[in-house]
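Visitor: What follows is coords34.txt; its format and atoms are compact mmCIF, C-alpha atoms.
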```txt
# COMPACT_ATOMS: atom_id res chain seq x y z
CA MET A 13 -210.98 278.20 -138.77
CA ALA A 14 -209.38 279.93 -135.79
CA GLU A 15 -209.95 283.65 -135.49
CA LEU A 16 -206.85 285.75 -135.87
CA GLY A 17 -205.91 288.18 -133.14
CA GLY A 18 -203.38 290.91 -132.49
CA ARG A 19 -202.72 293.96 -134.65
CA ALA A 20 -203.96 292.38 -137.89
CA ALA A 21 -207.32 291.48 -136.37
CA GLN A 22 -207.68 294.94 -134.89
CA LEU A 23 -207.06 296.56 -138.26
CA ARG A 24 -209.68 294.40 -139.94
CA SER A 25 -212.28 294.72 -137.21
CA SER A 26 -212.02 298.50 -136.91
CA GLY A 27 -213.71 298.96 -140.27
CA LEU A 28 -211.49 301.98 -140.87
CA ARG A 29 -209.57 302.85 -143.99
CA HIS A 30 -205.82 303.27 -143.49
CA GLY A 31 -203.75 305.97 -145.07
CA TRP A 32 -200.16 306.85 -145.87
CA THR A 33 -197.66 308.87 -143.90
CA THR A 34 -195.97 311.99 -145.19
CA GLY A 35 -192.80 309.90 -145.31
CA ALA A 36 -194.37 307.32 -147.63
CA CYS A 37 -195.72 310.04 -149.91
CA ALA A 38 -192.35 311.81 -150.00
CA THR A 39 -190.65 308.51 -150.82
CA ALA A 40 -193.01 307.85 -153.72
CA ALA A 41 -192.50 311.38 -155.06
CA THR A 42 -188.73 311.04 -154.72
CA LYS A 43 -188.62 307.70 -156.51
CA ALA A 44 -190.72 309.04 -159.37
CA ALA A 45 -188.65 312.21 -159.68
CA TYR A 46 -185.30 310.43 -159.67
CA THR A 47 -186.56 307.91 -162.22
CA ALA A 48 -187.58 310.79 -164.49
CA LEU A 49 -184.22 312.49 -163.97
CA LEU A 50 -182.42 309.37 -165.20
CA THR A 51 -184.85 308.15 -167.88
CA GLY A 52 -186.90 311.15 -168.97
CA GLY A 53 -190.18 309.51 -167.94
CA PHE A 54 -192.23 309.49 -164.74
CA PRO A 55 -193.57 306.15 -163.47
CA ASP A 56 -197.26 306.70 -162.69
CA PRO A 57 -198.36 305.08 -160.50
CA VAL A 58 -195.09 304.62 -158.65
CA THR A 59 -194.59 301.67 -156.30
CA ILE A 60 -192.44 301.84 -153.17
CA THR A 61 -191.43 299.34 -150.50
CA LEU A 62 -192.38 300.16 -146.91
CA PRO A 63 -190.27 299.14 -143.88
CA LYS A 64 -192.38 296.02 -143.29
CA GLY A 65 -192.29 294.96 -146.94
CA GLN A 66 -195.66 296.22 -148.19
CA GLN A 67 -195.55 297.67 -151.70
CA PRO A 68 -198.26 300.29 -152.22
CA ALA A 69 -198.61 302.28 -155.44
CA PHE A 70 -199.11 306.05 -155.52
CA ALA A 71 -200.60 308.17 -158.29
CA LEU A 72 -198.72 311.34 -159.17
CA ALA A 73 -200.60 314.62 -158.82
CA VAL A 74 -197.94 316.80 -160.46
CA GLU A 75 -194.75 316.21 -162.42
CA GLU A 76 -192.18 318.46 -164.04
CA LEU A 77 -188.92 317.73 -165.84
CA ALA A 78 -186.49 320.56 -166.50
CA ASP A 79 -182.77 320.98 -167.09
CA GLY A 80 -180.96 319.22 -164.29
CA ARG A 81 -183.96 318.54 -162.08
CA ALA A 82 -187.19 316.58 -161.85
CA MET A 83 -190.16 317.20 -159.57
CA ALA A 84 -193.03 314.88 -158.68
CA GLY A 85 -195.84 315.33 -156.19
CA VAL A 86 -198.22 313.02 -154.31
CA VAL A 87 -201.40 314.02 -152.48
CA LYS A 88 -201.45 312.54 -148.99
CA ASP A 89 -204.37 310.27 -148.22
CA ALA A 90 -204.61 309.78 -144.45
CA GLY A 91 -207.49 307.32 -144.74
CA ASP A 92 -210.04 307.68 -141.96
CA ASP A 93 -207.60 309.30 -139.54
CA PRO A 94 -208.39 312.96 -138.75
CA ASP A 95 -204.90 314.04 -139.78
CA VAL A 96 -204.32 317.74 -140.48
CA THR A 97 -202.05 316.78 -143.38
CA HIS A 98 -204.76 314.82 -145.19
CA GLY A 99 -205.00 316.15 -148.73
CA ALA A 100 -201.65 317.94 -148.60
CA LEU A 101 -199.57 317.92 -151.78
CA ILE A 102 -196.08 316.63 -150.99
CA ARG A 103 -193.45 317.40 -153.62
CA SER A 104 -189.95 316.10 -154.14
CA THR A 105 -187.50 317.88 -156.42
CA VAL A 106 -184.42 315.80 -157.23
CA ARG A 107 -181.15 317.15 -158.63
CA ARG A 108 -177.82 315.47 -159.23
CA GLY A 109 -175.46 315.87 -156.29
CA GLU A 110 -171.73 316.00 -155.86
CA PRO A 111 -169.95 312.68 -156.51
CA GLY A 112 -169.83 310.63 -153.33
CA SER A 113 -172.34 312.84 -151.50
CA GLY A 114 -175.10 310.23 -151.31
CA VAL A 115 -178.59 311.55 -150.62
CA VAL A 116 -178.67 315.10 -149.26
CA PHE A 117 -181.97 316.42 -147.93
CA ARG A 118 -183.16 320.00 -148.22
CA ALA A 119 -186.25 321.71 -146.82
CA GLY A 120 -188.30 323.40 -149.51
CA PRO A 121 -191.37 325.60 -148.97
CA GLY A 122 -193.70 324.14 -146.36
CA VAL A 123 -191.19 321.75 -144.78
CA GLY A 124 -189.79 322.79 -141.43
CA THR A 125 -186.25 323.16 -140.19
CA VAL A 126 -185.06 322.01 -136.75
CA THR A 127 -184.05 324.98 -134.58
CA LYS A 128 -183.98 323.42 -131.08
CA ALA A 129 -182.23 320.46 -129.50
CA GLY A 130 -184.11 317.43 -128.22
CA LEU A 131 -185.37 316.09 -131.55
CA PRO A 132 -183.98 313.05 -133.39
CA LEU A 133 -182.29 315.41 -135.88
CA PRO A 134 -179.52 317.97 -135.42
CA VAL A 135 -180.31 321.68 -135.31
CA GLY A 136 -180.30 323.12 -138.81
CA GLU A 137 -181.47 319.95 -140.52
CA PRO A 138 -184.73 319.74 -142.48
CA ALA A 139 -187.49 318.12 -140.43
CA VAL A 140 -187.36 314.81 -142.27
CA ASN A 141 -187.33 312.04 -139.69
CA PRO A 142 -184.87 309.12 -139.73
CA VAL A 143 -187.18 306.40 -141.08
CA PRO A 144 -188.47 308.45 -144.05
CA ARG A 145 -184.86 309.42 -144.80
CA GLN A 146 -183.91 305.76 -144.97
CA MET A 147 -186.95 304.94 -147.11
CA MET A 148 -185.91 307.62 -149.58
CA ARG A 149 -182.27 306.49 -149.57
CA ASP A 150 -183.44 302.96 -150.34
CA ALA A 151 -185.69 304.19 -153.15
CA VAL A 152 -182.86 306.25 -154.65
CA ALA A 153 -180.52 303.24 -154.50
CA GLU A 154 -183.13 301.06 -156.20
CA VAL A 155 -183.61 303.55 -159.05
CA ALA A 156 -179.86 304.09 -159.41
CA ALA A 157 -179.27 300.34 -159.70
CA ALA A 158 -182.04 299.95 -162.27
CA HIS A 159 -181.06 302.88 -164.49
CA GLY A 160 -177.33 303.35 -164.07
CA GLY A 161 -177.38 306.32 -161.73
CA SER A 162 -174.80 307.21 -159.11
CA GLY A 163 -177.30 307.67 -156.27
CA ASP A 164 -175.71 311.05 -155.46
CA VAL A 165 -178.67 313.42 -155.34
CA VAL A 166 -180.08 316.43 -153.59
CA VAL A 167 -183.69 315.83 -152.54
CA GLU A 168 -185.68 318.96 -151.78
CA LEU A 169 -189.01 318.23 -150.13
CA SER A 170 -191.86 320.71 -149.98
CA VAL A 171 -195.51 320.72 -148.93
CA ASP A 172 -198.02 323.09 -150.49
CA HIS A 173 -199.41 325.37 -147.73
CA GLY A 174 -197.26 323.42 -145.26
CA GLU A 175 -196.31 326.43 -143.17
CA GLU A 176 -199.98 327.26 -142.68
CA ILE A 177 -200.91 323.65 -141.86
CA ALA A 178 -198.03 323.45 -139.38
CA ARG A 179 -199.68 326.08 -137.20
CA SER A 180 -202.21 323.37 -136.26
CA THR A 181 -199.41 321.07 -135.07
CA TRP A 182 -196.85 321.13 -132.24
CA ASN A 183 -194.03 321.98 -134.63
CA PRO A 184 -193.70 325.68 -133.73
CA ARG A 185 -193.53 324.86 -130.01
CA LEU A 186 -190.91 322.18 -130.66
CA GLY A 187 -188.77 324.60 -132.62
CA ILE A 188 -189.53 323.16 -136.05
CA LEU A 189 -190.01 326.32 -138.04
CA GLY A 190 -191.15 326.98 -141.57
CA GLY A 191 -193.53 324.09 -142.07
CA LEU A 192 -194.38 320.47 -141.48
CA SER A 193 -192.29 317.44 -140.61
CA ILE A 194 -191.92 314.45 -142.90
CA LEU A 195 -192.86 311.62 -140.55
CA GLY A 196 -193.69 307.96 -140.23
CA THR A 197 -192.11 304.73 -138.97
CA THR A 198 -194.15 302.21 -140.96
CA GLY A 199 -195.39 304.30 -143.90
CA ILE A 200 -198.98 303.56 -142.89
CA VAL A 201 -201.36 305.87 -141.01
CA VAL A 202 -203.50 303.83 -138.63
CA PRO A 203 -206.75 305.63 -137.73
CA TYR A 204 -206.67 305.55 -133.95
CA SER A 205 -208.78 308.56 -133.11
CA CYS A 206 -212.29 307.15 -133.03
CA SER A 207 -214.53 304.76 -131.15
CA ALA A 208 -214.03 302.05 -133.77
CA TRP A 209 -210.40 301.67 -132.75
CA ILE A 210 -211.38 301.33 -129.09
CA ASP A 211 -213.83 298.62 -130.13
CA SER A 212 -210.99 296.88 -131.94
CA ILE A 213 -208.88 296.94 -128.76
CA ARG A 214 -211.69 295.20 -126.92
CA ARG A 215 -211.91 292.60 -129.64
CA GLY A 216 -208.17 292.04 -129.37
CA VAL A 217 -208.54 291.30 -125.66
CA ASP A 218 -211.45 288.95 -126.34
CA VAL A 219 -209.47 287.01 -128.94
CA ALA A 220 -206.44 286.73 -126.62
CA ARG A 221 -208.63 285.43 -123.78
CA ALA A 222 -210.37 282.95 -126.07
CA ALA A 223 -206.97 281.66 -127.14
CA GLY A 224 -206.05 281.08 -123.51
CA ARG A 225 -203.38 283.77 -123.37
CA THR A 226 -202.25 284.68 -119.88
CA HIS A 227 -200.04 287.58 -120.95
CA VAL A 228 -200.91 290.40 -123.36
CA ALA A 229 -199.05 293.57 -124.36
CA GLY A 230 -200.58 296.97 -125.02
CA CYS A 231 -198.22 298.82 -127.37
CA THR A 232 -198.28 302.40 -128.58
CA GLY A 233 -196.87 301.54 -132.01
CA SER A 234 -194.97 299.10 -134.17
CA THR A 235 -191.56 299.80 -132.63
CA SER A 236 -192.75 299.17 -129.08
CA GLU A 237 -194.57 296.07 -130.31
CA LYS A 238 -191.27 294.66 -131.62
CA VAL A 239 -189.64 295.37 -128.27
CA ALA A 240 -192.44 293.65 -126.36
CA VAL A 241 -192.07 290.58 -128.57
CA ALA A 242 -188.29 290.60 -128.15
CA VAL A 243 -188.49 290.91 -124.37
CA HIS A 244 -191.37 288.54 -123.68
CA GLY A 245 -191.66 286.32 -126.77
CA LEU A 246 -195.39 286.98 -127.11
CA PRO A 247 -197.38 285.57 -130.04
CA GLU A 248 -199.30 287.82 -132.43
CA ASP A 249 -202.69 287.26 -130.84
CA ALA A 250 -201.35 288.55 -127.51
CA LEU A 251 -200.43 291.94 -128.99
CA LEU A 252 -202.85 294.85 -128.61
CA ASP A 253 -202.29 297.88 -130.81
CA MET A 254 -203.12 300.34 -128.04
CA GLY A 255 -202.08 303.49 -129.86
CA ASP A 256 -203.02 306.45 -127.69
CA PHE A 257 -205.81 304.63 -125.89
CA ALA A 258 -204.18 303.31 -122.73
CA GLY A 259 -207.39 303.86 -120.84
CA ALA A 260 -209.36 301.66 -123.23
CA VAL A 261 -206.97 298.76 -122.65
CA LEU A 262 -206.92 299.17 -118.89
CA LYS A 263 -210.66 299.64 -118.41
CA TYR A 264 -211.52 296.64 -120.54
CA LEU A 265 -208.95 294.42 -118.83
CA LYS A 266 -210.38 295.46 -115.47
CA ARG A 267 -213.68 293.89 -116.53
CA HIS A 268 -212.13 291.07 -118.57
CA PRO A 269 -208.81 290.32 -116.86
CA VAL A 270 -205.75 288.58 -118.22
CA PRO A 271 -203.17 287.62 -115.56
CA ARG A 272 -200.39 289.79 -116.94
CA LEU A 273 -200.23 292.99 -118.98
CA THR A 274 -197.13 294.56 -120.46
CA ILE A 275 -197.43 298.21 -121.43
CA ALA A 276 -194.78 299.16 -123.97
CA GLY A 277 -194.39 302.56 -125.56
CA GLY A 278 -192.35 305.61 -126.31
CA PHE A 279 -190.95 307.50 -123.36
CA ALA A 280 -192.91 310.67 -124.15
CA LYS A 281 -196.27 308.91 -124.40
CA LEU A 282 -195.70 306.85 -121.27
CA SER A 283 -194.67 309.97 -119.37
CA LYS A 284 -198.24 311.14 -119.96
CA LEU A 285 -199.58 307.88 -118.54
CA ALA A 286 -197.20 308.33 -115.62
CA ALA A 287 -198.73 311.73 -114.95
CA GLY A 288 -202.22 310.20 -114.87
CA HIS A 289 -203.44 310.70 -118.45
CA LEU A 290 -205.25 307.75 -120.01
CA ASP A 291 -205.60 309.29 -123.48
CA LEU A 292 -202.09 309.81 -124.84
CA HIS A 293 -202.98 311.69 -128.03
CA SER A 294 -201.11 314.96 -128.46
CA ALA A 295 -204.37 316.86 -128.94
CA ARG A 296 -205.68 315.73 -125.55
CA SER A 297 -202.63 315.47 -123.31
CA GLN A 298 -199.15 316.95 -123.33
CA VAL A 299 -195.80 316.00 -121.87
CA ASP A 300 -195.42 317.83 -118.56
CA LYS A 301 -191.75 318.72 -118.24
CA GLY A 302 -192.36 320.09 -114.76
CA TYR A 303 -193.63 316.68 -113.74
CA LEU A 304 -190.57 315.04 -115.29
CA ALA A 305 -188.35 317.48 -113.43
CA GLY A 306 -190.01 316.44 -110.18
CA LEU A 307 -189.35 312.78 -110.94
CA ALA A 308 -185.75 313.61 -111.79
CA ARG A 309 -185.38 315.33 -108.42
CA GLU A 310 -186.71 312.19 -106.71
CA GLY A 311 -184.13 310.21 -108.69
CA GLY A 312 -181.25 312.26 -107.33
CA ALA A 313 -180.94 315.07 -109.87
CA GLY A 314 -179.35 318.25 -108.58
CA PRO A 315 -180.92 321.71 -108.96
CA GLU A 316 -179.21 322.47 -112.29
CA LEU A 317 -180.36 319.23 -113.89
CA VAL A 318 -183.88 319.64 -112.49
CA GLU A 319 -184.03 323.10 -114.04
CA ALA A 320 -182.70 321.77 -117.35
CA VAL A 321 -185.33 319.01 -117.46
CA ALA A 322 -188.09 321.49 -116.69
CA GLY A 323 -186.90 323.66 -119.56
CA ALA A 324 -186.23 320.83 -122.01
CA ASN A 325 -187.62 321.20 -125.51
CA THR A 326 -188.91 317.63 -125.64
CA ALA A 327 -189.23 314.52 -123.51
CA LEU A 328 -186.40 313.05 -125.57
CA GLU A 329 -184.10 315.87 -124.51
CA ALA A 330 -185.18 315.42 -120.87
CA ILE A 331 -184.27 311.75 -120.79
CA GLN A 332 -181.02 312.34 -122.66
CA LEU A 333 -180.00 314.89 -120.02
CA CYS A 334 -180.85 312.48 -117.21
CA ARG A 335 -179.16 309.48 -118.79
CA ALA A 336 -175.97 311.49 -119.24
CA ALA A 337 -176.09 312.34 -115.53
CA GLY A 338 -176.90 308.81 -114.40
CA VAL A 339 -180.40 309.72 -113.20
CA PRO A 340 -182.87 306.86 -113.94
CA LEU A 341 -185.69 309.03 -115.29
CA GLY A 342 -186.84 306.25 -117.64
CA ASP A 343 -187.30 303.80 -114.78
CA LEU A 344 -189.07 306.44 -112.70
CA VAL A 345 -191.51 307.16 -115.53
CA ALA A 346 -192.09 303.44 -116.04
CA GLU A 347 -192.81 302.96 -112.32
CA ALA A 348 -195.20 305.90 -112.28
CA ALA A 349 -196.95 304.69 -115.46
CA ARG A 350 -197.32 301.28 -113.85
CA ALA A 351 -198.85 302.91 -110.78
CA THR A 352 -201.39 304.75 -112.94
CA ALA A 353 -202.29 301.48 -114.67
CA LEU A 354 -202.70 299.65 -111.36
CA GLY A 355 -204.93 302.47 -110.16
CA VAL A 356 -207.33 301.75 -113.02
CA LEU A 357 -207.06 297.98 -112.57
CA VAL A 358 -207.54 298.04 -108.80
CA GLY A 359 -209.46 294.96 -107.66
CA SER A 360 -208.72 293.06 -110.86
CA PRO A 361 -206.08 290.27 -110.86
CA VAL A 362 -203.82 291.79 -113.51
CA ALA A 363 -200.08 292.18 -112.91
CA VAL A 364 -198.45 294.98 -114.87
CA ASP A 365 -194.97 295.67 -116.17
CA VAL A 366 -193.95 298.69 -118.23
CA ILE A 367 -191.28 299.14 -120.90
CA CYS A 368 -190.29 302.64 -122.04
CA ILE A 369 -188.34 302.99 -125.28
CA ASP A 370 -186.75 305.80 -127.24
CA ARG A 371 -187.35 306.52 -130.92
CA ALA A 372 -184.77 303.95 -131.97
CA GLY A 373 -186.45 301.19 -129.96
CA THR A 374 -183.84 301.15 -127.20
CA VAL A 375 -185.27 300.37 -123.77
CA VAL A 376 -184.76 303.42 -121.56
CA GLY A 377 -186.97 302.46 -118.61
CA ARG A 378 -188.48 299.36 -117.00
CA ALA A 379 -190.93 298.65 -114.21
CA ASP A 380 -191.37 294.97 -113.42
CA PRO A 381 -194.62 293.52 -112.08
CA LEU A 382 -195.05 293.34 -108.32
CA GLY A 383 -198.42 291.64 -108.51
CA PRO A 384 -201.97 292.95 -109.01
CA ALA A 385 -203.24 296.20 -107.57
CA THR A 386 -203.60 296.08 -103.80
CA GLY A 387 -205.07 299.43 -102.91
CA PRO A 388 -207.09 302.36 -104.22
CA ALA A 389 -204.28 303.43 -106.53
CA GLY A 390 -201.96 300.45 -106.63
CA PRO A 391 -198.82 299.98 -104.56
CA SER A 392 -197.23 303.32 -105.44
CA GLY A 393 -200.20 305.66 -105.82
CA PRO A 394 -201.53 307.32 -108.98
CA THR A 395 -198.84 309.92 -109.52
CA GLY A 396 -195.63 307.97 -109.24
CA PRO A 397 -193.31 306.20 -106.88
CA THR A 398 -192.98 307.44 -103.32
```
Please lay out the structure from this file as structure tokens.
Guide:
Amino acid sequence: MAELGGRAAQLRSSGLRHGWTTGACATAATKAAYTALLTGGFPDPVTITLPKGQQPAFALAVEELADGRAMAGVVKDAGDDPDVTHGALIRSTVRRGEPGSGVVFRAGPGVGTVTKAGLPLPVGEPAVNPVPRQMMRDAVAEVAAAHGGSGDVVVELSVDHGEEIARSTWNPRLGILGGLSILGTTGIVVPYSCSAWIDSIRRGVDVARAAGRTHVAGCTGSTSEKVAVAVHGLPEDALLDMGDFAGAVLKYLKRHPVPRLTIAGGFAKLSKLAAGHLDLHSARSQVDKGYLAGLAREGGAGPELVEAVAGANTALEAIQLCRAAGVPLGDLVAEAARATALGVLVGSPVAVDVICIDRAGTVVGRADPLGPATGPAGPSGPTGPT
């Protein structure tokens, strides 16, 4: 029987236990609470559907039904990932909303509020990211259809001790005040931050080579993986779930080359690779807005835009500013990330292209392959295009 490759093989070979995002836990709590509001009883365990179709079940840690509201809580299990939110109690309190209002989100104790631009949510909104919002809307619609509800609800999310936990995150610096964010794009926490995951990357390369693949893609997450497949039509066993470990992919391919490598990832993470970082985890490298401002200047940005990029709240805000002004910051970051990669691969016959995406999966920057590395730091040097 042929050995499977790609993301699925990496997950199995890592030997690590996966967990659930805050968004998945909030969705489970919301579904249970709304069910109780309509029926008088809490489903326990409660099953939800994740964006990729998986249907995990969650046990309820707390539940409360009172006049006009229902509250349920789920304890987050992050698996073997060293996540600061592991063990946090995530609560959802659901009340009936105004007719036609749909699902309205509120930040309860321990959930932050957006106070600065540059995030995927408007200022003043609770820090509940777009994918978890959609998961909860879908769960509310499912319950409403099953039990004759209108689906017009107010969902107040809270996290016990969330404001304290948030001090160990980047939220305060990003202008998310009052607590944690409700996050997640797949509902599943993949435990990247250990040597086992690096070993699984190596195994992914080995499987791709054994299958005769001449083109592999190192992706920072599921959204960038979808983009790499859409752009290049790669099969599953050519996909490497790189996560934050760009260096692990590059160093192993240097010793065990495949003719072509696509690096696909979020603009913020790849801006770190562009600046020379090989570990893209937020605890070990940060987005350098000064560096981005320098690239913007090279791309034709005037002094006011350069200053705005340097002072941007997030990488997302920086690229939005540049795109509005017609400055190709995404392409410049992709070119510089490619140069960093070629610097690691020097002497190995691996051509590299880079795809930068935004949170929605839209391509915001490309660097096409120009052939394998040809000098000590690749054609453009380690710190970006000249």
Visitor: When you draw a straight line from atom CA of A:Leu328 to atom CA of A:Ala129, how long is it in Å?
Guide: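 Interatomic distance here is 9.4 Å.
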Visitor: For the point (-191.1, 304.9, -118.9) in the file's frame, write as a PyMOL selection string all residues with an atom no more than 7 Å away, counting all atoms listed in the file.
Guide: chain A and resi 279+282-283+342-346+349+366-368+377-378
Visitor: Could you please take those selected residues and save C-alpha atoms as a compact mmCIF listing (two decimals), keeping the file's coordinate frame?
Guide:
```
# COMPACT_ATOMS: atom_id res chain seq x y z
CA PHE A 279 -190.95 307.50 -123.36
CA LEU A 282 -195.70 306.85 -121.27
CA SER A 283 -194.67 309.97 -119.37
CA GLY A 342 -186.84 306.25 -117.64
CA ASP A 343 -187.30 303.80 -114.78
CA LEU A 344 -189.07 306.44 -112.70
CA VAL A 345 -191.51 307.16 -115.53
CA ALA A 346 -192.09 303.44 -116.04
CA ALA A 349 -196.95 304.69 -115.46
CA VAL A 366 -193.95 298.69 -118.23
CA ILE A 367 -191.28 299.14 -120.90
CA CYS A 368 -190.29 302.64 -122.04
CA GLY A 377 -186.97 302.46 -118.61
CA ARG A 378 -188.48 299.36 -117.00
```
Visitor: Extract, using only C-alpha atoms, all DNA, RNA and protein residues at most 12 Å from A:Ala308, discarding same-chain residues fewer than 3 positions from it, and format them as a ChimeraX atom specification.
Guide: /A:301-305,311-322,330-335,337-345,396-397
Visitor: Work out how far apart atom CA of A:Thr232 and atom CA of A:Gly187 are and give it in Å to one decimal.
Guide: 24.5 Å
Visitor: With stretch 88-105 of chain A as the partner and 10 Å as the cut-off, tabulate the residues of stretch 161-205 of chain A that qualify, each row holding the nearest pair of atoms and their distance in Å to one decimal, using all atoms listed in the file, sorted by chain and rising number, as a tab-separated table.
Guide:
```
residue	atom	partner	partner_atom	distance
A:Val165	CA	A:Thr105	CA	10.0
A:Val166	CA	A:Thr105	CA	8.1
A:Val167	CA	A:Thr105	CA	5.8
A:Glu168	CA	A:Thr105	CA	5.1
A:Leu169	CA	A:Ser104	CA	4.6
A:Ser170	CA	A:Arg103	CA	5.2
A:Val171	CA	A:Ile102	CA	4.6
A:Asp172	CA	A:Leu101	CA	5.5
A:His173	CA	A:Ala100	CA	7.8
A:Gly174	CA	A:Ala100	CA	7.8
A:Ile177	CA	A:Val96	CA	7.0
A:Ala178	CA	A:Val96	CA	8.6
A:Ser180	CA	A:Val96	CA	7.3
A:Thr181	CA	A:Val96	CA	8.0
A:Leu192	CA	A:Thr97	CA	8.7
A:Ile194	CA	A:Ile102	CA	9.4
A:Ile200	CA	A:Ala90	CA	8.5
A:Val201	CA	A:Ala90	CA	6.1
A:Val202	CA	A:Asp93	CA	6.9
A:Pro203	CA	A:Asp93	CA	4.2
A:Tyr204	CA	A:Asp93	CA	6.8
A:Ser205	CA	A:Asp93	CA	6.6
```
Visitor: In Å, rounded to a single decimal, give me how far atom CA of A:Arg371 is from atom CA of A:Ala220.
Guide: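 Taking atom CA of A:Ala220 and atom CA of A:Arg371, their separation equals 27.8 Å.
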Visitor: Could you tell me, as a list in words, which residues have any atom at most 6 Å from (-203.7, 307.4, -128.7), counting all atoms listed in the file?
Guide: Gly255, Asp256, Phe257, Asp291, Leu292 and His293 of chain A
Visitor: Restricting the calculation to all atoms listed in the file, which member of A:Arg350, A:Arg107, A:Arg215, A:Arg81 is positioned closest to A:Lys284?
Guide: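 The shortest atom-to-atom distance to A:Lys284 comes from A:Arg350.
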Visitor: Which of these, A:Gly278, A:Asp150, A:Ala242, A:Ala250, has the shortest distance to A:Val217 once you count all atoms listed in the file?
Guide: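 Among A:Gly278, A:Asp150, A:Ala242, A:Ala250, it is A:Ala250 that comes nearest to A:Val217.
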Visitor: Set out as a tab-separated table a contact list for stretch 143-232 of chain A and stretch 48-60 of chain A with a cut-off of 12 Å, giving each residue of stretch 143-232 of chain A that qualifies its closest atom pair and distance in Å to one decimal, counting all atoms listed in the file, ordered by chain and rising residue number.
Guide:
```
residue	atom	partner	partner_atom	distance
A:Pro144	CA	A:Ile60	CA	11.9
A:Met147	CA	A:Ile60	CA	8.7
A:Met148	CA	A:Ile60	CA	9.4
A:Arg149	CA	A:Ile60	CA	11.7
A:Asp150	CA	A:Ile60	CA	9.5
A:Ala151	CA	A:Ile60	CA	7.1
A:Val152	CA	A:Ile60	CA	10.6
A:Glu154	CA	A:Ile60	CA	9.8
A:Val155	CA	A:Leu50	CA	8.6
A:Ala156	CA	A:Leu50	CA	8.2
A:Ala157	CA	A:Leu50	CA	11.0
A:Ala158	CA	A:Leu50	CA	9.9
A:His159	CA	A:Leu50	CA	6.7
A:Gly160	CA	A:Leu50	CA	8.0
A:Gly161	CA	A:Leu50	CA	6.8
A:Ser162	CA	A:Leu50	CA	10.0
A:Gly163	CA	A:Leu50	CA	10.4
A:Asp164	CA	A:Leu50	CA	11.9
A:Val165	CA	A:Leu49	CA	10.3
A:Val166	CA	A:Leu49	CA	11.8
A:Val167	CA	A:Leu49	CA	11.9
A:Gly199	CA	A:Ile60	CA	10.0
```
Visitor: May I have the residues within 7 Å of A:Arg214 as a ChimeraX atom specification, using all atoms listed in the file and disregarding those fewer than 4 positions away in the same chain?
Guide: /A:210,218,264
Visitor: Go ahead and dump the residues you just picked, C-alpha atoms, as an mmCIF file, in the coordinates of the input.
Guide:
```
data_model
loop_
_atom_site.group_PDB
_atom_site.id
_atom_site.type_symbol
_atom_site.label_atom_id
_atom_site.label_comp_id
_atom_site.auth_asym_id
_atom_site.auth_seq_id
_atom_site.Cartn_x
_atom_site.Cartn_y
_atom_site.Cartn_z
ATOM 1 C CA ILE A 210 -211.380 301.330 -129.090
ATOM 2 C CA ASP A 218 -211.450 288.950 -126.340
ATOM 3 C CA TYR A 264 -211.520 296.640 -120.540
#
```
Visitor: Using only C-alpha atoms, find the one residue out of A:Gly65, A:Gly124, A:Gly277, A:Gly114 that sits nearest to A:Val375.
Guide: A:Gly277
